[in-house]
Every structure is written in C-alpha cells, then in structure tokens.
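coords16.cif (mmCIF, C-alpha atoms)
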data_coords
#
loop_
_atom_site.label_atom_id
_atom_site.label_comp_id
_atom_site.auth_asym_id
_atom_site.auth_seq_id
_atom_site.Cartn_x
_atom_site.Cartn_y
_atom_site.Cartn_z
CA MET A 1 -37.49 109.98 133.61
CA ARG A 2 -38.49 113.18 131.86
CA THR A 3 -40.05 113.14 128.43
CA ALA A 4 -39.74 116.18 126.20
CA ALA A 5 -42.67 117.49 124.18
CA CYS A 6 -41.00 116.29 121.00
CA GLY A 7 -41.28 112.70 122.12
CA PHE A 8 -37.65 112.09 123.13
CA ALA A 9 -36.80 110.55 126.47
CA PHE A 10 -33.94 112.21 128.41
CA PRO A 11 -32.77 110.06 131.34
CA PRO A 12 -29.94 111.74 133.26
CA ALA A 13 -27.31 109.25 132.08
CA THR A 14 -28.21 109.97 128.44
CA LEU A 15 -27.84 113.67 129.07
CA MET A 16 -24.43 113.16 130.70
CA ILE A 17 -23.21 111.07 127.77
CA PHE A 18 -24.60 113.67 125.35
CA PHE A 19 -22.78 116.52 127.07
CA ALA A 20 -19.54 114.56 127.40
CA LEU A 21 -19.46 113.53 123.73
CA ALA A 22 -20.45 116.96 122.50
CA ALA A 23 -17.99 118.77 124.75
CA LEU A 24 -15.11 116.59 123.62
CA SER A 25 -15.90 116.94 119.94
CA PRO A 26 -14.65 119.92 117.96
CA ALA A 27 -17.15 122.60 116.99
CA PRO A 28 -18.94 121.74 113.74
CA ALA A 29 -17.23 124.39 111.68
CA ALA A 30 -14.17 124.98 113.83
CA GLU A 31 -11.71 127.05 111.86
CA PRO A 32 -8.55 128.87 112.88
CA GLY A 33 -10.45 132.17 112.72
CA TRP A 34 -12.35 131.55 115.99
CA LYS A 35 -15.62 132.46 114.39
CA GLY A 36 -18.62 133.25 116.54
CA VAL A 37 -21.32 130.68 117.14
CA ASP A 38 -23.60 132.82 115.01
CA GLU A 39 -21.53 131.74 112.02
CA THR A 40 -20.54 128.22 113.10
CA VAL A 41 -23.96 127.20 114.37
CA ILE A 42 -26.82 129.62 113.63
CA GLU A 43 -25.89 130.68 110.09
CA LYS A 44 -24.63 127.20 109.23
CA PHE A 45 -27.97 125.58 110.04
CA ALA A 46 -29.90 128.49 108.52
CA GLU A 47 -28.02 128.20 105.23
CA GLU A 48 -28.46 124.43 105.17
CA ALA A 49 -32.19 125.03 105.61
CA GLY A 50 -32.24 127.53 102.76
CA ARG A 51 -32.68 130.61 104.96
CA PRO A 52 -29.36 132.47 104.85
CA PRO A 53 -29.12 135.58 107.02
CA ARG A 54 -29.98 138.86 105.39
CA GLU A 55 -27.94 142.05 105.58
CA PRO A 56 -28.58 144.04 108.78
CA PHE A 57 -30.84 147.08 108.43
CA ILE A 58 -27.89 149.24 109.51
CA ASN A 59 -24.82 147.64 107.98
CA ILE A 60 -21.68 148.47 109.96
CA GLU A 61 -19.32 146.29 107.92
CA HIS A 62 -17.15 149.10 106.62
CA GLY A 63 -13.45 148.85 107.40
CA ASP A 64 -12.77 149.21 111.11
CA LEU A 65 -16.23 150.59 111.88
CA PRO A 66 -17.29 147.41 113.78
CA LEU A 67 -14.23 147.71 116.01
CA PHE A 68 -14.99 151.36 116.68
CA LEU A 69 -18.66 150.73 117.43
CA PHE A 70 -17.96 147.80 119.74
CA LEU A 71 -15.33 149.85 121.55
CA ALA A 72 -17.71 152.79 121.85
CA ALA A 73 -20.50 150.52 123.10
CA GLY A 74 -18.17 148.93 125.64
CA ALA A 75 -16.97 152.33 126.82
CA ALA A 76 -20.52 153.68 127.16
CA GLY A 77 -21.73 150.56 128.96
CA GLY A 78 -18.63 150.53 131.14
CA PHE A 79 -19.12 154.18 132.07
CA VAL A 80 -22.73 153.63 133.14
CA ALA A 81 -21.75 150.49 135.06
CA GLY A 82 -18.84 152.23 136.78
CA TYR A 83 -20.84 155.35 137.62
CA THR A 84 -23.71 153.42 139.17
CA PHE A 85 -21.34 150.97 140.87
CA ARG A 86 -19.51 153.79 142.62
CA GLY A 87 -22.82 155.21 143.82
CA LEU A 88 -24.03 151.85 145.08
CA PHE A 89 -20.72 150.67 146.53
CA PRO A 90 -18.77 153.69 147.75
CA PRO A 91 -15.19 153.10 148.94
CA LYS A 92 -15.11 151.96 152.56
CA ASN A 93 -12.76 154.72 153.66
CA ARG A 94 -15.05 157.53 152.47
CA PRO A 95 -16.39 159.55 155.42
CA ASP A 96 -19.98 159.39 154.10
CA HIS A 97 -19.91 155.61 153.86
CA ALA A 98 -21.78 153.99 156.67
CA PRO A 99 -21.08 150.28 156.79
CA PRO A 100 -24.18 148.13 157.10
CA GLY A 101 -25.17 147.31 160.65
CA MET B 1 -9.09 137.28 114.42
CA VAL B 2 -11.97 136.88 116.86
CA SER B 3 -15.36 137.49 115.33
CA LEU B 4 -17.10 140.59 116.63
CA LEU B 5 -20.56 139.49 115.64
CA ALA B 6 -20.79 136.31 117.53
CA MET B 7 -24.02 135.31 119.05
CA HIS B 8 -27.73 136.09 118.89
CA ILE B 9 -30.00 134.81 116.11
CA THR B 10 -29.01 136.71 112.99
CA GLU B 11 -31.22 139.03 110.94
CA GLY B 12 -33.57 137.30 108.52
CA VAL B 13 -32.89 133.73 109.61
CA LEU B 14 -36.37 133.04 111.00
CA PRO B 15 -39.45 132.95 108.76
CA VAL B 16 -41.85 135.87 109.23
CA GLY B 17 -44.47 133.78 110.98
CA TRP B 18 -42.06 132.44 113.55
CA ALA B 19 -40.45 135.86 114.06
CA ALA B 20 -43.90 137.32 114.78
CA PHE B 21 -44.74 134.41 117.08
CA TRP B 22 -41.66 135.00 119.23
CA PHE B 23 -42.49 138.71 119.42
CA LEU B 24 -45.93 137.78 120.76
CA VAL B 25 -44.38 135.38 123.26
CA ALA B 26 -41.98 138.11 124.45
CA LEU B 27 -44.66 140.77 125.01
CA PRO B 28 -46.37 139.53 128.23
CA PRO B 29 -43.13 139.05 130.22
CA LEU B 30 -41.91 142.39 128.93
CA ALA B 31 -45.10 144.13 130.08
CA TRP B 32 -44.89 142.28 133.41
CA GLY B 33 -41.29 143.44 133.84
CA LEU B 34 -42.14 147.08 133.08
CA ARG B 35 -44.97 146.92 135.60
CA GLY B 36 -42.57 145.50 138.18
CA ILE B 37 -40.01 148.25 137.58
CA ASN B 38 -42.65 150.98 137.88
CA ARG B 39 -44.05 149.55 141.09
CA ARG B 40 -40.64 149.06 142.70
CA ARG B 41 -39.49 152.51 141.56
CA ALA B 42 -42.55 154.11 143.14
CA ALA B 43 -41.81 152.35 146.42
CA ASP B 44 -38.06 152.90 146.41
CA PRO B 45 -36.51 155.33 143.88
CA SER B 46 -33.02 154.46 145.13
CA TRP B 47 -33.44 151.00 143.55
CA LEU B 48 -33.11 152.41 140.01
CA PRO B 49 -29.28 152.66 140.01
CA MET B 50 -29.23 148.91 140.63
CA VAL B 51 -31.37 148.41 137.51
CA ALA B 52 -29.00 150.68 135.56
CA LEU B 53 -26.00 148.71 136.82
CA VAL B 54 -27.55 145.38 135.83
CA GLY B 55 -28.69 146.77 132.47
CA SER B 56 -25.26 148.07 131.55
CA ALA B 57 -23.64 144.82 132.71
CA VAL B 58 -26.04 142.73 130.59
CA PHE B 59 -25.41 144.99 127.60
CA VAL B 60 -21.62 144.79 127.89
CA VAL B 61 -21.24 141.07 128.63
CA SER B 62 -23.78 140.02 125.99
CA CYS B 63 -21.84 141.71 123.21
CA MET B 64 -18.43 140.62 124.46
CA PRO B 65 -17.06 137.75 122.37
CA VAL B 66 -15.10 135.31 124.53
CA PRO B 67 -12.89 132.89 122.58
CA VAL B 68 -12.94 129.19 123.44
CA PRO B 69 -9.64 128.08 121.90
CA TRP B 70 -10.17 124.29 121.97
CA ALA B 71 -13.54 124.69 120.24
CA GLY B 72 -12.12 127.14 117.70
CA THR B 73 -15.07 129.46 118.23
CA CYS B 74 -16.18 132.30 120.41
CA SER B 75 -19.43 133.25 122.05
CA HIS B 76 -20.65 135.45 124.87
CA PRO B 77 -22.04 135.21 128.39
CA CYS B 78 -25.59 136.46 128.87
CA GLY B 79 -25.65 138.12 132.28
CA THR B 80 -29.38 137.56 132.65
CA GLY B 81 -28.98 134.93 135.35
CA LEU B 82 -27.07 137.38 137.52
CA GLY B 83 -29.55 140.13 136.67
CA ALA B 84 -32.50 137.96 137.66
CA ILE B 85 -31.16 137.14 141.12
CA LEU B 86 -30.18 140.78 141.70
CA ILE B 87 -33.25 142.70 140.51
CA GLY B 88 -35.75 139.96 139.68
CA PRO B 89 -36.58 138.18 136.43
CA GLY B 90 -39.22 140.67 135.22
CA PRO B 91 -36.96 143.75 135.30
CA THR B 92 -34.17 141.63 133.81
CA VAL B 93 -36.37 140.89 130.78
CA VAL B 94 -36.76 144.66 130.31
CA VAL B 95 -33.06 145.51 130.56
CA ALA B 96 -32.13 142.57 128.32
CA SER B 97 -34.65 143.77 125.73
CA ILE B 98 -33.15 147.27 125.76
CA ALA B 99 -29.66 145.82 125.38
CA LEU B 100 -30.81 143.63 122.47
CA VAL B 101 -32.45 146.60 120.69
CA PHE B 102 -29.25 148.66 120.90
CA GLN B 103 -27.15 145.71 119.74
CA ALA B 104 -29.47 145.01 116.80
CA LEU B 105 -29.62 148.65 115.75
CA PHE B 106 -26.05 149.82 116.14
CA LEU B 107 -23.82 146.74 116.35
CA ALA B 108 -25.43 144.48 113.71
CA HIS B 109 -25.57 141.96 116.55
CA GLY B 110 -28.75 139.89 116.44
CA GLY B 111 -31.43 141.51 114.33
CA LEU B 112 -34.65 143.48 114.38
CA THR B 113 -36.70 140.71 112.78
CA THR B 114 -35.26 138.19 115.25
CA LEU B 115 -35.53 140.53 118.22
CA GLY B 116 -38.55 138.73 119.69
CA ALA B 117 -36.81 135.36 119.53
CA ASN B 118 -33.66 136.78 121.10
CA ILE B 119 -35.67 138.46 123.88
CA VAL B 120 -37.39 135.15 124.62
CA SER B 121 -34.18 133.10 124.70
CA MET B 122 -31.82 135.47 126.47
CA GLY B 123 -34.23 137.69 128.39
CA VAL B 124 -37.17 135.51 129.36
CA VAL B 125 -35.75 131.98 129.45
CA GLY B 126 -32.33 133.06 130.73
CA ALA B 127 -33.74 135.23 133.50
CA TYR B 128 -36.45 132.87 134.73
CA ALA B 129 -34.19 129.80 134.52
CA GLY B 130 -31.53 131.53 136.61
CA PHE B 131 -34.05 132.90 139.10
CA GLY B 132 -35.79 129.54 139.45
CA THR B 133 -32.52 127.67 139.91
CA PHE B 134 -31.32 130.09 142.58
CA HIS B 135 -34.49 129.90 144.63
CA LEU B 136 -34.91 126.15 144.21
CA LEU B 137 -31.38 125.48 145.44
CA GLY B 138 -31.86 128.03 148.20
CA LYS B 139 -34.84 126.08 149.51
CA PHE B 140 -32.53 123.05 149.80
CA ARG B 141 -30.08 125.14 151.82
CA VAL B 142 -27.36 125.02 149.18
CA PRO B 143 -24.67 127.62 150.06
CA VAL B 144 -25.48 130.95 148.47
CA PHE B 145 -22.32 131.08 146.35
CA LEU B 146 -23.09 127.67 144.81
CA ALA B 147 -26.75 128.57 144.29
CA ALA B 148 -25.79 131.79 142.49
CA MET B 149 -23.16 129.94 140.48
CA ALA B 150 -25.72 127.35 139.39
CA ALA B 151 -28.12 130.15 138.49
CA GLY B 152 -25.57 131.72 136.14
CA LEU B 153 -24.65 128.37 134.61
CA ILE B 154 -28.22 127.13 134.07
CA SER B 155 -29.28 130.54 132.79
CA ASP B 156 -26.56 130.44 130.12
CA TRP B 157 -27.31 126.89 129.04
CA ALA B 158 -31.06 127.48 129.07
CA THR B 159 -30.58 130.50 126.81
CA TYR B 160 -28.83 128.41 124.19
CA ALA B 161 -31.30 125.56 124.59
CA ALA B 162 -34.06 128.06 123.86
CA THR B 163 -32.12 129.39 120.88
CA SER B 164 -31.79 125.82 119.61
CA LEU B 165 -35.53 125.29 119.99
CA GLU B 166 -36.29 128.56 118.17
CA LEU B 167 -34.03 127.57 115.29
CA ALA B 168 -35.28 123.99 115.17
CA SER B 169 -38.90 125.10 115.09
CA GLY B 170 -38.36 127.92 112.60
CA LEU B 171 -35.98 126.38 110.08
CA PRO B 172 -37.31 123.94 107.50
CA HIS B 173 -35.91 120.46 108.12
CA ASP B 174 -36.52 116.80 107.50
CA GLY B 175 -37.24 114.52 110.41
CA PRO B 176 -38.63 115.18 113.87
CA LEU B 177 -38.34 118.48 115.71
CA GLY B 178 -36.54 116.77 118.58
CA GLY B 179 -33.80 115.49 116.31
CA MET B 180 -33.18 118.93 114.82
CA PHE B 181 -33.21 120.48 118.30
CA LEU B 182 -30.61 118.01 119.59
CA THR B 183 -28.41 118.52 116.53
CA ILE B 184 -28.35 122.30 116.99
CA ALA B 185 -27.95 122.07 120.78
CA ALA B 186 -25.02 119.67 120.36
CA ALA B 187 -23.34 122.18 118.05
CA PHE B 188 -23.54 124.82 120.79
CA VAL B 189 -22.14 122.52 123.48
CA PRO B 190 -18.35 122.78 122.84
CA THR B 191 -18.54 126.56 123.15
CA GLN B 192 -21.28 127.06 125.70
CA VAL B 193 -20.32 124.40 128.25
CA PRO B 194 -17.08 126.17 129.29
CA LEU B 195 -18.65 129.62 128.89
CA GLY B 196 -21.58 128.58 131.06
CA VAL B 197 -19.21 127.43 133.80
CA ALA B 198 -17.33 130.74 133.56
CA GLU B 199 -20.58 132.68 133.72
CA GLY B 200 -21.60 130.64 136.74
CA VAL B 201 -18.40 131.50 138.61
CA LEU B 202 -18.80 135.17 137.68
CA THR B 203 -22.39 135.14 138.92
CA GLY B 204 -21.45 133.50 142.20
CA VAL B 205 -18.63 135.95 142.87
CA ALA B 206 -20.76 138.99 141.99
CA TYR B 207 -23.72 137.90 144.11
CA ARG B 208 -21.49 137.06 147.07
CA PHE B 209 -19.78 140.45 146.79
CA ILE B 210 -23.08 142.35 146.92
CA LEU B 211 -24.40 140.12 149.69
CA VAL B 212 -21.39 141.02 151.82
CA ARG B 213 -21.18 144.72 150.92
CA ARG B 214 -24.80 145.85 150.50
CA PRO B 215 -27.26 143.06 151.35
CA GLU B 216 -30.07 145.60 151.62
CA LEU B 217 -29.86 146.10 147.83
CA LEU B 218 -30.86 142.54 147.16
CA GLY B 219 -34.29 142.34 148.74
CA LEU B 220 -33.14 139.10 150.32
CA PRO B 221 -35.07 135.97 149.38
CA SER B 222 -36.74 134.16 152.26
CA PHE B 223 -34.09 131.46 152.47
CA LEU B 224 -31.43 134.12 153.09
CA GLN B 225 -33.39 136.04 155.73
CA PRO B 226 -31.44 135.75 158.97
CA ALA B 227 -33.37 134.26 161.85
CA ALA B 228 -33.88 136.35 164.99
CA GLY B 229 -30.56 137.00 166.65
CA GLU B 230 -28.62 135.49 163.75
CA GLU B 231 -26.16 137.48 161.69
CA LEU B 232 -26.10 137.13 157.93
#

Turn the structure described in the file into structure tokens.
Amino acid sequence: MRTAACGFAFPPATLMIFFALAALSPAPAAEPGWKGVDETVIEKFAEEAGRPPREPFINIEHGDLPLFLFLAAGAAGGFVAGYTFRGLFPPKNRPDHAPPG
Amino acid sequence: MVSLLAMHITEGVLPVGWAAFWFLVALPPLAWGLRGINRRRAADPSWLPMVALVGSAVFVVSCMPVPVPWAGTCSHPCGTGLGAILIGPGPTVVVASIALVFQALFLAHGGLTTLGANIVSMGVVGAYAGFGTFHLLGKFRVPVFLAAMAAGLISDWATYAATSLELASGLPHDGPLGGMFLTIAAAFVPTQVPLGVAEGVLTGVAYRFILVRRPELLGLPSFLQPAAGEEL
C-alpha cells in the first residue's frame, strides 16, 4: 500500500474504482461547446477559489486572429518537423540512402 | 466550436509565491537539460536535428486541441513522454520549455506567470515519468512497443496529476490538500484517460518506427542492446 504525502492511502483497488467512476462520469462543466479543460477544470476551480485568470499579456482574442495564429504555429512547427524528418529518415529508394546494417 | 485555448495553467491563476516557487523548481532540470544538450552536441553534431524534430513535435501536439465527444471537452497530448525516450528527459525539458514560452507569448496558451508551473508539470514530470516508465518496463523485458506505449500514457497522466497538485497547492481551499488534489484530478479524468491512451499508442508507434528505420538515432538503452550475434 502506498501512502501519499497528503495522508491519503491509495491501494490499487481504490485507484481502479476512482478511475472507473471518474471516467464514466461526465466532465464537471460539460457543455455542447466542447470547451477545453482549461475552462472546464482549471478556470472553474480557480474562479471558485477566488483567483480568476487574468488577461494574457499579449491578447490575441480579436476576431479570427486565434485561428490564424494557431494555423501559423501549426504550419511553422509542421515545416520544421517535416524538414528534419526528411533529413533523418530519407526515402528508402533514394540513391544516397544506405540502409542500416 | 472546439476551444482553441485548451490546456495549460492559465495566466494569473496561481498566487505570486507559488508561481515563483514553480519557477525555482523548474530551473535545475532546465539547466541540467541544457548541459546535456551541449555535451551531446559537442560529441555528435548530427544529433541536433533529432532535438529539432522532437521540439517541433512537442510544440505542435501540445497546442493541438483534441475533442473528447463523450466528455464534452477537449484537451491536448503532451509529447514529452515520446521526447524523453527519444532524446532523453533533460533535453526534453528544454524543448518543452521553449514550446511553452512560444505558446504563452503568441498563442495566449498557458501564461508567463504560470510558465514555471507548466514547465514542471509538462516538461519535468511528463518527461521523467515517461522515461522512468520506459526503462523500468524494459528491465522487466516488456516488449518495446508496450513499454513505449506505457511511457506515453503514464507521461500524459503524470502531467495532469502534477497540474492537479500545482492547482491544489496554489489555490485557496477548505479542507485537506489531498481532498482538493483528488477533486481536481477527478475532473481531468474523463478527458485525459482516453487522450492518455491515444498518446500512448502514438508514442509506441513512433518509437517502433524509429527503432526499425534508424536505431542508431536512439542511443539504445541497455535493455535493447542486442547480444553478440543477435539481430535487433
């Protein structure tokens, strides 16, 4: 049996029951909008504790700007990933590719 | 509509003292990771593209909201478990930190005041939990795909357990810390249990792919070193 620092005992069966019950229950603030867990969990508990989130230092909530920025970030990250992937894993039929061994 | 801002601890949620504390906790593993990258780069410059690949993968997957329809929410994989078993946990802390800085600055995803806490949960805890799981299972001769899958899964769940602990310790509440921790962790479960399983499968497939195509990139752990005369 493992005892957490907070004084709770977590036998494996308790953990299994905990996960089963929690997995079968709906999310605490489940709404049709499919909100992120930042809203349904983090901000919910923060607001209940009297510490609502503050506005980001660079606020991107202007029209479709979030969509654009997330798309741009995905494209930039995808380009770097693709570029390095092609260098690390060249196509097998390329003449300069020497298969391992 | 699926939320675009769906995951790390949001700006301003943690009190100043706790935000500073998590920054201090994040600094030693970050310094250790930078030292590891510099040493490995000096020994083998061709290793850097692997770091770039892992860094970009962590950045992309950790800002990609994945809907979980039956929970009515969405969240994201972390990628740090995969990163840790590919390039090591120290370098993974560094690339996760860079990804989190960019997300906090330009995507309003996470926050600058909560950066330390997010580095600790996703970078440090996620990477070391995944790395530890992989090597522990490897010592018990668990097949490599399953070990990598478990690494991705445990890394994801450990990240959100750490986030729950950070919130429980930082937010004012009545009752014991353990009770608050369990309440927050339970709220994550409907979303993160299926996402953790998906991240585990992704990690297993990716690790297996690299093991087959370019095993020399992995710096094979001892339990995967082929014995004399044995093929991998």

Ground truth for the PyMOL selection byres ((chain A and resi 46) around 10), written as an MDAnalysis selection string: (chainID A and resid 39 41:45 47:53) or (chainID B and resid 9:10 12:14 167:168 170:172)

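For the atom pair formed by atom CA of Thr73 of chain B and atom CA of Val37 of chain A, the distance is 6.5 Å, given to one decimal.
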
Exercise: Ala81 of chain A partners within 12 Å, all atoms listed in the file, chain neighbours under 2 positions left out, as number ranges by chain: A: 74-79, 83-89; B: 49-61

Contacts of segment 200-215 of chain B at 12 Å (only C-alpha atoms; same-chain gap of 4+ positions) as a PyMOL selection string: (chain A and resi 85+87-92+97-101) or (chain B and resi 50+54+57-58+61+77-87+130-131+133-134+143-157+192-196+219-221+224-226+231-232)

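The coordinates place atom CA of Ala127 of chain B at 27.7 Å from atom CA of Pro69 of chain B.
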
Near-Val124 of chain B list (8 Å; only C-alpha atoms; drop same-chain fewer than 4 positions) as a list in words: Ala26, Pro29, Pro89, Val93, Ile119, Val120 and Tyr128 of chain B

Gap from atom CA of Glu11 of chain B to atom CA of Gly110 of chain B - Å, one decimal: 6.1 Å

Resolved residues for the PyMOL selection byres ((chain B and resi 65) around 6) as a ChimeraX atom specification: /B:64,66,74-76
